[in-house]
Amino acid sequence: MVKTGYPSIDKTHKKGYSYFENNPIIPSISIVNAIGMISTFYRDAIAVDCLDLKVTYKELLDTSKILARSFKELGIKEGDIIATSMPNFYQAVAVFLAANRIGAVTTFLNPGCSIEEIKYYLNEFESPLYINYNKSLIYNKKIKEDTKVRQVITLKPEHLNVKTFNEDKKDNIGYSNFISFNDLKLVADYYTGFINPIKSGNKDSLILFTSGSTGNPKSVVLTNKNILSSGIYMKNSINFKPVAGEKCLVCVPFCYPYGFATSTLMSLLCGREAVLAPTLSKDNINYYLGKDPNIIFGSPAMLELIRRNAEDSMDLSSIHTFISGGDFLSPGQAEDAMSFFREHGNKDVVICNGSGNAESSGASTNAVGVELRPETVGKVLAGTDAIVVDPETLEELRYNEDGMLCISGNHVFKGYFNNPELTEQAKFNYKGKEYLKTGTMGKLDEDGYFTLTGRTSRFYIRSDLNKVYPEHVQQVINNIDCVESCIIVKKPDKEFLYTGKAYIVLKEGIDASDEIIDYIIIKCQEGIKNIITGEQIRLKDFEIPSSFEFIKRIPRNEAEKIDHQLLEEKAVLEYERENHFVEAKQKRKIK
C-alpha cells in the first residue's frame, strides 16, 4: 500500500499495538463497580493515603456504601448533582464513589472560590446537596439563601483524620438542613430501601472544569464510559502491569481533570495507592516527599517547588516517574531535574510529558511505558484516533505538519453542561468519526508521538499549583472603565515561580499613577459584570497581577498579532533587574 502521509488513511501512528489494544471493549458499568471488581484480590491494600489517614480499598468501598444510603435518605435521586468543595481529602473521594453508586453526579468546586461563585455553580447545577470543609453555620445558612440546596454537610477539622463515623446510637440527630459529615452514618441508618448498584456506562458521573481563558471555566460532563475508556486506553498504552503498593502523589486540585480523573481515579483503577496532597507549599513539600511516592503527577511548577525546597538530606530514590501534565516540561528542564534527582540518590527517574483536556477525560497522549522522547508529550493513546488539522479550515494535515491535534474516542466528553452550542463548537465530524478539537497545537509523527508547539489558549502554573489563564484576567481588566486594553504575561517570581505582569493602555485623558493601580486591583477583587451573560466575574487572589506597567500601545509582530513573546521577555528582564538590585543591596548590608 502506497503511503499518503495522512494519519486518517495510513494510520502508521497506531502500529505497535495489538488489534484488541486498538479496539478495546469498554464495559458498560459505573466507576465504583469497576473499582470494586478490579480490587477483588487486594481489598486490604491501601487505596488512599491522606495526611495521617490510610484507608484500604475495602474501607473506601464500605464508606461509599454508608454515604450512598445517607444520600438516599436525604432524597438524592439518580441524575442529581452533588456539589463538593474541599481540598483533596479522602472524604471527597468517598463522596464521589457514593454518588456514583446511586447514579448521582459529583462536581468538585474550587474551595478557594468566593461564596458568590459557589452559589453561582450551585444554581447552575440545581444541586440539592452541598458538601464543604470547615465552614461556619453562618456561611452555610448563606449558601441556602437563593439556591435549591436542601442540606449542607460540613466536614469538620477534628474529623479529617477519622475513617469511622459517629455510631453513638443514643444520639437522635433529627431532621436538619445542616449536618456534620461525621453524623452521616446516623443518617444512613434511617434508610431502609434497596440500592441497585448496577449503573450504565452512559450515565453521567462527574462534572469537572476546564480553561477559563475565554470567561468563566467551562463545566465538562463526563460519563462512566468516558472515564473507564480513558483508563483502559491508558492501561493499553503503557502495557500496564500492577505493582503491589505502588504510590502515586496527587497534587492538582480535584476540580481539574488532571487532579481527579487522571491522577486519582486512574490510580485507583490501576490498583495503586493515591497519596493525596490537600495543599502543597514550600512548607510541607518535604512531608509529602517523605511518604516515598513512586509516581508524581505534576508540572514544571511542581518540579521547581521540589528542587527549591527539598531538604539536602532527602532521599528521593523511591520516585521512578515524574509526569508533567499541567504544562510542558522542556528537555533542558528535564535534564536539570534529573541532575537534581541524582544528587538525592535517584539515578533512574524518568521525567516525561503527557497531555490532555478535561474534554478528553484528562488524557490525549501518554509518555509512560514507551520509548522516551523528551521533546514530545508522548504517543497518542492506544484505542483512539488522532489527526492534525488546520485550525482555520479543519482540513487534515500530513504527518509532521504543524496544526491542531484532534482526538476521537470513547473518552471524549459528553458535552458542556447545559450548553449544546458550545459543545457543538468543540467537536466536528471527519470521515464518519466525531473528533474533539483539543486546542493543542503541534505535530504528529508516523510513530504516534506528538510534539507540542503551542495552545490556542495561554496559561501559566504557579508553584502553589494554581493555574492562571491570562485571557481570563485580561477579560476582567479590559472591562474596567479606565482601561483601554490590557495584556497579561507571566513574570518569574522567587516564591511562586510565576506571577502575572499586566501591560495596560489607559483610556485617553487618564494619567498613570499608583492610585490607578490600586483602583484596578479593587475592581479585580469586586468583579466585573459580563454584559452578555449578566454574571459577575471576579479574579481570585492568585489571578490578580503582581505588577503593572502602563504603555502607550500594545506591541505587535510582523503578522500583526500581539507580540506576547516580546512582553514576556520584558517581564523576565524586569525580574532579573529587580533581583540583581536586591542581591546587591543585601551584599552592602553584609559588608
# chains A, B, ... in the order shown; residues from 1 in each chain; ligands from 1

call {"tool": "select_by_dssp", "arguments": {"residues": "region 243-342 of chain A", "states": "alpha helix (DSSP H)", "output": "number ranges by chain"}}
result
A: 266-269, 285-289, 300-309, 331-342

call {"tool": "residues_around", "arguments": {"residues": "region 257-273 of chain A", "least_positions_apart": "6", "cutoff": "6 Å", "atoms": "only C-alpha atoms", "output": "list of chain:residue names"}}
result
A:Ile35, A:Ile46, A:Ala47, A:Val48, A:Gly231, A:Glu246, A:Lys247, A:Val250, A:Ala358, A:Gly362

call {"tool": "residues_around", "arguments": {"residues": "Ile81 (chain A)", "least_positions_apart": "2", "cutoff": "8 Å", "atoms": "only C-alpha atoms", "output": "NGL selection string"}}
result
:A and (79 or 83 or 104-107 or 125-129)

call {"tool": "write_last_selection", "arguments": {"atoms": "N, CA and C atoms", "output": "PDB file, in the first residue's frame"}}
result
ATOM      1  N   GLY A  79     -29.165  11.164  38.835  1.00  0.00           N
ATOM      2  CA  GLY A  79     -29.048  12.346  37.993  1.00  0.00           C
ATOM      3  C   GLY A  79     -28.868  13.642  38.756  1.00  0.00           C
ATOM      4  N   ALA A  83     -22.655  18.813  44.869  1.00  0.00           N
ATOM      5  CA  ALA A  83     -21.523  19.737  44.782  1.00  0.00           C
ATOM      6  C   ALA A  83     -20.645  19.585  46.018  1.00  0.00           C
ATOM      7  N   ALA A 104     -25.957   9.328  41.010  1.00  0.00           N
ATOM      8  CA  ALA A 104     -25.887  10.786  41.101  1.00  0.00           C
ATOM      9  C   ALA A 104     -24.560  11.261  40.502  1.00  0.00           C
ATOM     10  N   VAL A 105     -24.476  12.536  40.244  1.00  0.00           N
ATOM     11  CA  VAL A 105     -23.294  13.147  39.622  1.00  0.00           C
ATOM     12  C   VAL A 105     -22.561  13.975  40.674  1.00  0.00           C
ATOM     13  N   THR A 106     -21.238  13.949  40.629  1.00  0.00           N
ATOM     14  CA  THR A 106     -20.429  14.756  41.547  1.00  0.00           C
ATOM     15  C   THR A 106     -19.742  15.870  40.775  1.00  0.00           C
ATOM     16  N   THR A 107     -19.732  17.058  41.346  1.00  0.00           N
ATOM     17  CA  THR A 107     -18.889  18.126  40.825  1.00  0.00           C
ATOM     18  C   THR A 107     -18.032  18.653  41.960  1.00  0.00           C
ATOM     19  N   PHE A 125     -26.161  24.108  38.580  1.00  0.00           N
ATOM     20  CA  PHE A 125     -26.366  22.667  38.633  1.00  0.00           C
ATOM     21  C   PHE A 125     -27.637  22.272  39.391  1.00  0.00           C
ATOM     22  N   GLU A 126     -28.310  23.253  39.993  1.00  0.00           N
ATOM     23  CA  GLU A 126     -29.505  22.996  40.811  1.00  0.00           C
ATOM     24  C   GLU A 126     -29.225  21.900  41.843  1.00  0.00           C
ATOM     25  N   SER A 127     -28.081  22.026  42.494  1.00  0.00           N
ATOM     26  CA  SER A 127     -27.627  20.997  43.441  1.00  0.00           C
ATOM     27  C   SER A 127     -28.493  20.982  44.697  1.00  0.00           C
ATOM     28  N   PRO A 128     -29.042  19.814  45.056  1.00  0.00           N
ATOM     29  CA  PRO A 128     -29.816  19.721  46.292  1.00  0.00           C
ATOM     30  C   PRO A 128     -28.941  19.499  47.527  1.00  0.00           C
ATOM     31  N   LEU A 129     -27.673  19.121  47.298  1.00  0.00           N
ATOM     32  CA  LEU A 129     -26.776  18.783  48.403  1.00  0.00           C
ATOM     33  C   LEU A 129     -25.417  19.428  48.165  1.00  0.00           C
TER      34      LEU A 129
END

call {"tool": "residues_around", "arguments": {"residues": "region 65-74 of chain A", "least_positions_apart": "6", "cutoff": "6 Å", "atoms": "only C-alpha atoms", "output": "mmCIF file with all heavy atoms, in the first residue's frame"}}
result
data_model
loop_
_atom_site.group_PDB
_atom_site.id
_atom_site.type_symbol
_atom_site.label_atom_id
_atom_site.label_comp_id
_atom_site.auth_asym_id
_atom_site.auth_seq_id
_atom_site.Cartn_x
_atom_site.Cartn_y
_atom_site.Cartn_z
ATOM 1 N N ALA A 98 -19.745 7.203 46.377
ATOM 2 C CA ALA A 98 -21.099 7.038 46.904
ATOM 3 C C ALA A 98 -22.131 7.573 45.920
ATOM 4 O O ALA A 98 -23.158 6.931 45.651
ATOM 5 C CB ALA A 98 -21.233 7.742 48.250
ATOM 6 N N LEU A 184 -23.115 11.214 59.226
ATOM 7 C CA LEU A 184 -23.815 10.628 58.083
ATOM 8 C C LEU A 184 -24.136 9.145 58.278
ATOM 9 O O LEU A 184 -25.057 8.629 57.654
ATOM 10 C CB LEU A 184 -22.998 10.837 56.806
ATOM 11 C CG LEU A 184 -22.985 12.283 56.289
ATOM 12 C CD1 LEU A 184 -22.107 12.414 55.062
ATOM 13 C CD2 LEU A 184 -24.401 12.755 55.983
ATOM 14 N N VAL A 187 -27.505 9.133 59.716
ATOM 15 C CA VAL A 187 -28.495 9.400 58.663
ATOM 16 C C VAL A 187 -28.714 8.140 57.842
ATOM 17 O O VAL A 187 -29.863 7.774 57.512
ATOM 18 C CB VAL A 187 -28.024 10.554 57.761
ATOM 19 C CG1 VAL A 187 -29.009 10.783 56.621
ATOM 20 C CG2 VAL A 187 -27.843 11.838 58.571
ATOM 21 N N ALA A 188 -27.628 7.444 57.498
ATOM 22 C CA ALA A 188 -27.719 6.235 56.675
ATOM 23 C C ALA A 188 -28.553 5.152 57.353
ATOM 24 O O ALA A 188 -29.255 4.384 56.679
ATOM 25 C CB ALA A 188 -26.322 5.707 56.374
ATOM 26 N N TYR A 191 -32.200 4.846 56.443
ATOM 27 C CA TYR A 191 -32.623 4.413 55.107
ATOM 28 C C TYR A 191 -32.828 2.902 55.077
ATOM 29 O O TYR A 191 -31.934 2.135 55.430
ATOM 30 C CB TYR A 191 -31.581 4.816 54.056
ATOM 31 C CG TYR A 191 -32.036 4.520 52.651
ATOM 32 C CD1 TYR A 191 -33.047 5.278 52.056
ATOM 33 C CD2 TYR A 191 -31.485 3.471 51.929
ATOM 34 C CE1 TYR A 191 -33.483 4.997 50.776
ATOM 35 C CE2 TYR A 191 -31.910 3.195 50.638
ATOM 36 C CZ TYR A 191 -32.918 3.960 50.070
ATOM 37 O OH TYR A 191 -33.356 3.677 48.795
#

call {"tool": "closest_residue", "arguments": {"among": "A:His344, A:Arg373, A:Lys552, A:Lys467", "to": "Asn110 (chain A)", "atoms": "only C-alpha atoms"}}
result
A:Lys467

call {"tool": "select_by_dssp", "arguments": {"residues": "region 171-368 of chain A", "states": "strand (DSSP E)", "output": "ChimeraX atom specification"}}
result
/A:178-180,204-209,219-223,247-250,273-276,295-298,321-324,350-353,365-366

call {"tool": "residues_around", "arguments": {"residues": "Val55 (chain A)", "least_positions_apart": "2", "cutoff": "9 Å", "atoms": "only C-alpha atoms", "output": "number ranges by chain"}}
result
A: 44-50, 53, 57-60, 90, 163

call {"tool": "residues_around", "arguments": {"residues": "region 478-485 of chain A", "least_positions_apart": "5", "cutoff": "9 Å", "atoms": "only C-alpha atoms", "output": "ChimeraX atom specification"}}
result
/A:473,503-508,510,516,520,523-524,528-530,553-554

call {"tool": "residues_around", "arguments": {"residues": "region 8-13 of chain A", "least_positions_apart": "3", "cutoff": "8 Å", "atoms": "only C-alpha atoms", "output": "PyMOL selection string"}}
result
chain A and resi 3-5+385-387+445-449

call {"tool": "write_last_selection", "arguments": {"atoms": "N, CA, C and O atoms", "output": "mmCIF file, in the first residue's frame"}}
result
data_model
loop_
_atom_site.group_PDB
_atom_site.id
_atom_site.type_symbol
_atom_site.label_atom_id
_atom_site.label_comp_id
_atom_site.auth_asym_id
_atom_site.auth_seq_id
_atom_site.Cartn_x
_atom_site.Cartn_y
_atom_site.Cartn_z
ATOM 1 N N LYS A 3 1.897 4.896 0.822
ATOM 2 C CA LYS A 3 1.587 5.826 1.905
ATOM 3 C C LYS A 3 1.180 7.186 1.343
ATOM 4 O O LYS A 3 1.783 7.686 0.404
ATOM 5 N N THR A 4 0.177 7.763 1.955
ATOM 6 C CA THR A 4 -0.298 9.087 1.540
ATOM 7 C C THR A 4 0.257 10.193 2.415
ATOM 8 O O THR A 4 0.251 11.360 2.036
ATOM 9 N N GLY A 5 0.695 9.824 3.626
ATOM 10 C CA GLY A 5 1.179 10.824 4.566
ATOM 11 C C GLY A 5 0.105 11.374 5.485
ATOM 12 O O GLY A 5 0.402 12.166 6.395
ATOM 13 N N ASP A 385 -8.341 7.607 17.925
ATOM 14 C CA ASP A 385 -7.931 8.089 16.610
ATOM 15 C C ASP A 385 -7.450 9.519 16.754
ATOM 16 O O ASP A 385 -8.019 10.296 17.538
ATOM 17 N N ALA A 386 -6.423 9.871 16.003
ATOM 18 C CA ALA A 386 -5.867 11.219 16.091
ATOM 19 C C ALA A 386 -5.540 11.744 14.696
ATOM 20 O O ALA A 386 -5.037 11.004 13.843
ATOM 21 N N ILE A 387 -5.855 13.000 14.488
ATOM 22 C CA ILE A 387 -5.441 13.703 13.277
ATOM 23 C C ILE A 387 -4.990 15.100 13.685
ATOM 24 O O ILE A 387 -5.300 15.573 14.783
ATOM 25 N N ASP A 445 3.842 12.559 14.450
ATOM 26 C CA ASP A 445 4.722 11.835 13.522
ATOM 27 C C ASP A 445 4.197 10.427 13.269
ATOM 28 O O ASP A 445 3.206 9.996 13.856
ATOM 29 N N GLU A 446 4.874 9.696 12.384
ATOM 30 C CA GLU A 446 4.385 8.389 11.952
ATOM 31 C C GLU A 446 4.458 7.349 13.056
ATOM 32 O O GLU A 446 3.829 6.288 12.955
ATOM 33 N N ASP A 447 5.233 7.606 14.100
ATOM 34 C CA ASP A 447 5.323 6.676 15.230
ATOM 35 C C ASP A 447 4.292 6.975 16.308
ATOM 36 O O ASP A 447 4.256 6.293 17.336
ATOM 37 N N GLY A 448 3.487 8.006 16.097
ATOM 38 C CA GLY A 448 2.439 8.326 17.058
ATOM 39 C C GLY A 448 2.826 9.345 18.102
ATOM 40 O O GLY A 448 2.025 9.680 18.971
ATOM 41 N N TYR A 449 4.052 9.874 18.061
ATOM 42 C CA TYR A 449 4.492 10.883 19.028
ATOM 43 C C TYR A 449 3.983 12.259 18.603
ATOM 44 O O TYR A 449 3.980 12.596 17.412
#

call {"tool": "atom_distance", "arguments": {"atom1": "CA of Gly403 (chain A)", "atom2": "CA of Gly439 (chain A)"}}
result
9.5 Å

call {"tool": "atom_distance", "arguments": {"atom1": "CA of Thr451 (chain A)", "atom2": "CA of Ala334 (chain A)"}}
result
15.5 Å

call {"tool": "closest_residue", "arguments": {"among": "A:Ala301, A:Val32, A:Ile477, A:Val275", "to": "Asn100 (chain A)", "atoms": "only C-alpha atoms"}}
result
A:Val32
